[in-house]
Structures are given as structure tokens and as C-alpha cells.
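Okay, so here's the structure we're looking at.
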Amino acid sequence: MGTNQEKAAPEQKPDEMLQIDLCGGQVRVMLCETTRTVQTCADLHACTPVCTAALGRLMTGTLMLGVMMKGKDESVTVTLKGDGPMGTLMAVSEPGRVRACADNPQVDLPPRADGKLDVGAAVGHSGRMSVVKDLGLKKSYIGQSEIVSGEIAMDFANYFTVSEQQPSLVALGVLTSGDAVLKAGGLLIQPLPGCPDEVIDQLELRSPMFADISREMTFADIDTLCRDWFRGMEPRILERTPLEYKCTCSRERMERALISLGAKDLQSLIDEGKGAELTCHFCHSRHFFTTEQLQAMMDSAKKPGEPREEDEP
Ligand SMILES: [Zn+2]
């Protein structure tokens with residue numbers, strides 16, 4: 001026929017982060033949908049559903065930290081080193097984009113007694129969470145906290161409270177069906193200094209509504225949820241940021257990684273004469289360097305910099 005084009009999948013809105021304030025600026029809220037971002041990650045790493053949920057929650061939380069970064073060259077890296085079978089999980093975000101990886105993204109575990117994916121068991125119930133904010137110009141901020149449950153939303157809430165002294169309510173959710181991500185998203189609520197107790201009480205009263213965020217998102221988009229959840233609290237959308245899974249790796253970055261191995265390791269690669277192939281952990285792109293190219297890198301790394309005045313005879 002050719003007139004009616006077949007639709008492969010139901011149309012989906014692009015992922016987006018809403019930055020919202022409530023009660024005239026007394027509360028800061030971030031509400032986002034990350035369905036496509038999480039699906040891209042799941043496909044790239046061939047994740048099992050429980051690992052999709054773990055990486056999806058981690059990326060959603062990291063995106064929230066990412067949009068808080070101000071400068072163009074700033075980024076945030078969140079690492080979870082738990083005692084679960086997934087090993088280390090890592091997500092890196094600049095405003096609006098994120099990438100993630102895990103040691104073992106194909107771990108499979110039986111669901112919890114309540115039927116939910118057992119993210120806590122996959123990540124581990126104890127270990128370290130670290131947040132590194134790269135502020136450009138070689139400045140960085142490092143925050144450390146304990147993993148409190150491995151369910152990730154609680155771990156982010158604990159990080160904000162312990163490491164940033166900012167009490168926070170965090171909800172992160174990923175709803176899957178087989179390999180498909182049906183919905184994913186997150187919510188962060190932060191009462192700012194001076195926020196009256198009545199407002200905090202109101203938010204606590206409403207918190208059961210946010211608990212199952214990915215399921216709520218199957219019924220309504222985030223704009224509708226924002227209106228419904230914060231009715232009577234003057235929700236104002238201050239900013240909208242499109243979100244995507246995007247890797248920033250390049251041949252130049254891979255070259256720098258090779259040089260950072262150090263002269264000894266680089267030389268042994270050259271001596272082996274087989275070149276070197278590097279695979280990006282975040283997007284699996286491969287970059288191949290010939291022995292001649294490795295030698296050229298070695299030579300340019302050895303070359304001293306421009307002579308400075310005091311070096312001159
Ligand atoms: Zn990459």
C-alpha cells in the first residue's frame with residue numbers, strides 16, 4: 001500500500017528534566033523522564049532487567065546532579081562500589097547528557113518477595129558511593145558516603161544529607177517488561193534553608209504519591225504529574241533540559257589514556273608489535289592504534305616542552 005507507514009513502536013516523548021520551584025522558591029524540585037536514555041544504555045550493555053534498573057536509577061540521579069553544574073566544561077561522576085555481583089557502577093553527566101557502565105551488567109537475580117527487581121541485591125547493601133564534581137580548571141569536589149541500601153534512591157538521599165548537608169527526598173524508578181524499558185524517571189525535592197515546617201510537613205504527607213514514580217509515569221506525563229503532585233504549592237517550571245545518553249569518547253581521548261599508561265607500558269606495547277585496541281566502557285566504540293602510531297605517541301610524549309627563559313644557557 002505505502003500510504004500508511006507502519007509504526008515500530010508507540011510514539012514517545014523525548015526525555016526531559018524539569019527544574020521547578022514550589023511556594024515562591026522555598027523548595028527546589030527536579031522531575032525528569034529518562035525512558036529513552038535508559039533504553040539506550042540497556043541496549044548498549046545488553047543489560048538484564050535488574051541491571052537496567054540499577055544503571056537507569058543511577059543515571060537518573062546523576063543527571064539531576066549534572067543539570068546543577070553551571071559551567072560548560074563541568075561534569076559529575078557518581079560511582080557505586082557495592083558488595084553485590086554487579087561490581088562497580090559508574091555514571092558521568094554533563095548538563096543534559098549522561099553515560100554509564102558497570103563491571104557486570106548481565107547479572108540476573110530473582111525478583112524480591114514483592115515482585116520488584118532486586119536492585120539492592122545486585123548493587124550490594126553496603127559499600128561506598130562517591131561523587132566527583134569536575135569544575136574545570138583542574139578544580140574538583142569529592143563527596144563520599146556509605147551505600148545505605150543499594151536501592152540507589154535512598155543512597156542519593158543519604159549522600160545529599162550527609163555530604164552536602166541538604167535534606168532531600170529522592171525517588172528513582174525504572175519499569176521494564178523483558179528487555180523493554182516502559183518508563184523511567186526520577187524526582188528530587190529539596191527544601192531550601194528557611195523553608196517553613198508546614199511546607200515540609202505537606203511534602204512528607206504527599207510523599208507516598210511519589211514512591212512508585214515509574215508506574216505513575218505510565219498514567220501521566222511529567223508536566224501533569226508536576227501539576228497534580230504539587231497542587232496548591234504554586235509549582236513553577238523554571239527550566240526544561242532535554243536529556244540523552246551520549247558518550248564523549250574520541251580518538252584523542254583514547255590517545256591520552258594510552259599516554260597516561262606511562263612510558264614503560266607503552267614501550268611494552270610497542271615491543272609486542274601488535275598495536276593496541278581500546279574499547280570505550282560507555283559506548284563500546286573501538287579505537288585501533290598501530291605500532292607506528294604508538295611509537296609516534298611515545299616520541300611526542302618524551303619531547304620536552306617549549307624551552308623556558310631560565311632553561312636557556
Ligand atoms: Zn564511548
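Labels for the C-alpha cells follow display order: chains A, B, ..., residues from 1 in each chain, ligands from 1.
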- Task: Would you mind writing down, as an MDAnalysis selection string, each residue of segment 25-266 of chain A that DSSP on the backbone assigns to alpha helix (DSSP H)?
- Result: chainID A and resid 35:45 49:68 119:123 153:163 197:210 213:219 222:229 251:259 263:266
If we count only C-alpha atoms, what is near Ile147 of chain A at a cut-off of 9 Å, once residues fewer than 2 positions away on the same chain are taken out, given as a CSV table (one decimal) with C-alpha atoms, in the first residue's frame?
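So around13.csv came out as:
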chain,number,residue,atom,x,y,z
A,80,LEU,CA,28.9,3.0,43.5
A,81,LYS,CA,31.3,0.4,44.8
A,82,GLY,CA,29.0,-2.1,46.5
A,124,GLY,CA,25.1,-4.7,47.3
A,125,HIS,CA,23.7,-3.4,50.6
A,126,SER,CA,27.0,-1.9,51.7
A,127,GLY,CA,30.0,-0.2,50.2
A,128,ARG,CA,31.0,3.3,49.1
A,129,MET,CA,29.2,6.0,47.0
A,145,SER,CA,29.1,8.5,51.6
A,149,SER,CA,20.6,0.1,50.8
A,150,GLY,CA,21.9,-0.3,47.3
A,151,GLU,CA,18.4,0.7,46.0
A,152,ILE,CA,20.1,3.9,44.8
A,154,MET,CA,18.0,6.1,49.3
A,155,ASP,CA,21.7,6.2,48.6
A,156,PHE,CA,21.4,9.5,46.8
A,158,ASN,CA,21.8,9.9,52.1
A,159,TYR,CA,24.5,11.4,50.0
- Item | Residues within 7 Å of ligand 1, counting only C-alpha atoms and all ligand atoms, as a PyMOL selection string | chain A and resi 247-249+280-285
Write out as an mmCIF file with C-alpha atoms, in the first residue's frame which residues come within 8 Å of segment 27-29 of chain A when counting only C-alpha atoms, dropping same-chain ones fewer than 5 positions away.
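The resulting file, out-v8.cif, is reproduced below:
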data_model
loop_
_atom_site.group_PDB
_atom_site.id
_atom_site.type_symbol
_atom_site.label_atom_id
_atom_site.label_comp_id
_atom_site.auth_asym_id
_atom_site.auth_seq_id
_atom_site.Cartn_x
_atom_site.Cartn_y
_atom_site.Cartn_z
ATOM 1 C CA GLN A 19 13.537 22.283 37.215
ATOM 2 C CA ILE A 20 10.711 23.501 39.376
ATOM 3 C CA ASP A 21 10.304 25.655 42.440
ATOM 4 C CA LEU A 22 7.484 25.491 44.953
ATOM 5 C CA LEU A 187 12.162 13.149 41.393
ATOM 6 C CA LEU A 188 14.296 15.203 43.764
ATOM 7 C CA ILE A 189 12.762 17.503 46.391
ATOM 8 C CA GLN A 190 14.967 19.832 48.427
ATOM 9 C CA PRO A 191 13.526 22.252 50.977
ATOM 10 C CA LEU A 192 15.865 25.257 50.955
ATOM 11 C CA CYS A 195 11.634 26.629 54.423
#
- Message: Need the shell around Thr62 of chain A: protein/DNA/RNA residues with any atom at most 12 Å away, counting only C-alpha atoms. Skip same-chain ones fewer than 6 positions apart. Format as a ChimeraX atom specification?
- Response: /A:17,30,32,34,55-56,68-69,75-80,89-100,129-133,152-153,155-156,159,170,172,185-188,243,245
- Task: Go through A:Pro208, A:Gly262, A:Gly275, A:Pro85 and flag the residue nearest Lys302 of chain A, using only C-alpha atoms for the distances.
- Result: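 Of all the options, A:Gly262 lies closest to Lys302 of chain A.
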- Task: Please give the complete set of residues from segment 167-226 of chain A that DSSP, run on the backbone, assigns to strand (DSSP E), formatted as a ChimeraX atom specification.
- Result: /A:169-177,180-191
Determine, using only C-alpha atoms, which residues of segment 116-204 of chain A have any atom at most 12 Å from an atom of segment 229-240 of chain A, and tabulate each with its shortest atom pair and distance in Å to one decimal place, rows ordered by chain and then rising number, as a Markdown table.
| residue | atom | partner | partner_atom | distance |
| --- | --- | --- | --- | --- |
| A:Leu187 | CA | A:Trp229 | CA | 11.2 |
| A:Ile189 | CA | A:Phe230 | CA | 11.1 |
| A:Glu198 | CA | A:Met233 | CA | 11.4 |
| A:Val199 | CA | A:Met233 | CA | 8.5 |
| A:Ile200 | CA | A:Met233 | CA | 11.3 |
| A:Gln202 | CA | A:Met233 | CA | 9.2 |
| A:Leu203 | CA | A:Phe230 | CA | 8.6 |
| A:Glu204 | CA | A:Trp229 | CA | 11.8 |
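Atom pair atom CA of Arg227 of chain A / atom CA of Gln165 of chain A: separated by 28.3 Å.
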- Item | Residue with smallest distance to Gly87 of chain A - pool A:Gly25, A:Gly115, A:Gly71, A:Pro105, counting only C-alpha atoms | A:Pro105
- Message: From the options A:Ala171, A:Met64, A:Ala54, A:Leu278, which residue's atoms come nearest to Arg251 of chain A, counting only C-alpha atoms?
- Response: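 Closest to Arg251 of chain A of all the choices is A:Leu278.
The environment of His45 of chain A within 8 Å, counting only C-alpha atoms and disregarding residues fewer than 2 places along the same chain, consists of A:Cys41, A:Ala42, A:Asp43, A:Cys47, A:Cys101, A:Pro105.
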- Item | Residue among A:Val50, A:Leu182, A:Cys23, A:Val123 lying closest to Pro110 of chain A, counting only C-alpha atoms |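 Closest to Pro110 of chain A of all the choices is A:Val50.
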- Message: Excluding Phe288 of chain A and its own-chain neighbours fewer than 3 positions away, which residues fall within 12 Å of it when counting only C-alpha atoms? Please give them as a PyMOL selection string.
- Response: chain A and resi 250-252+254-255+258+274-280+285+291-294
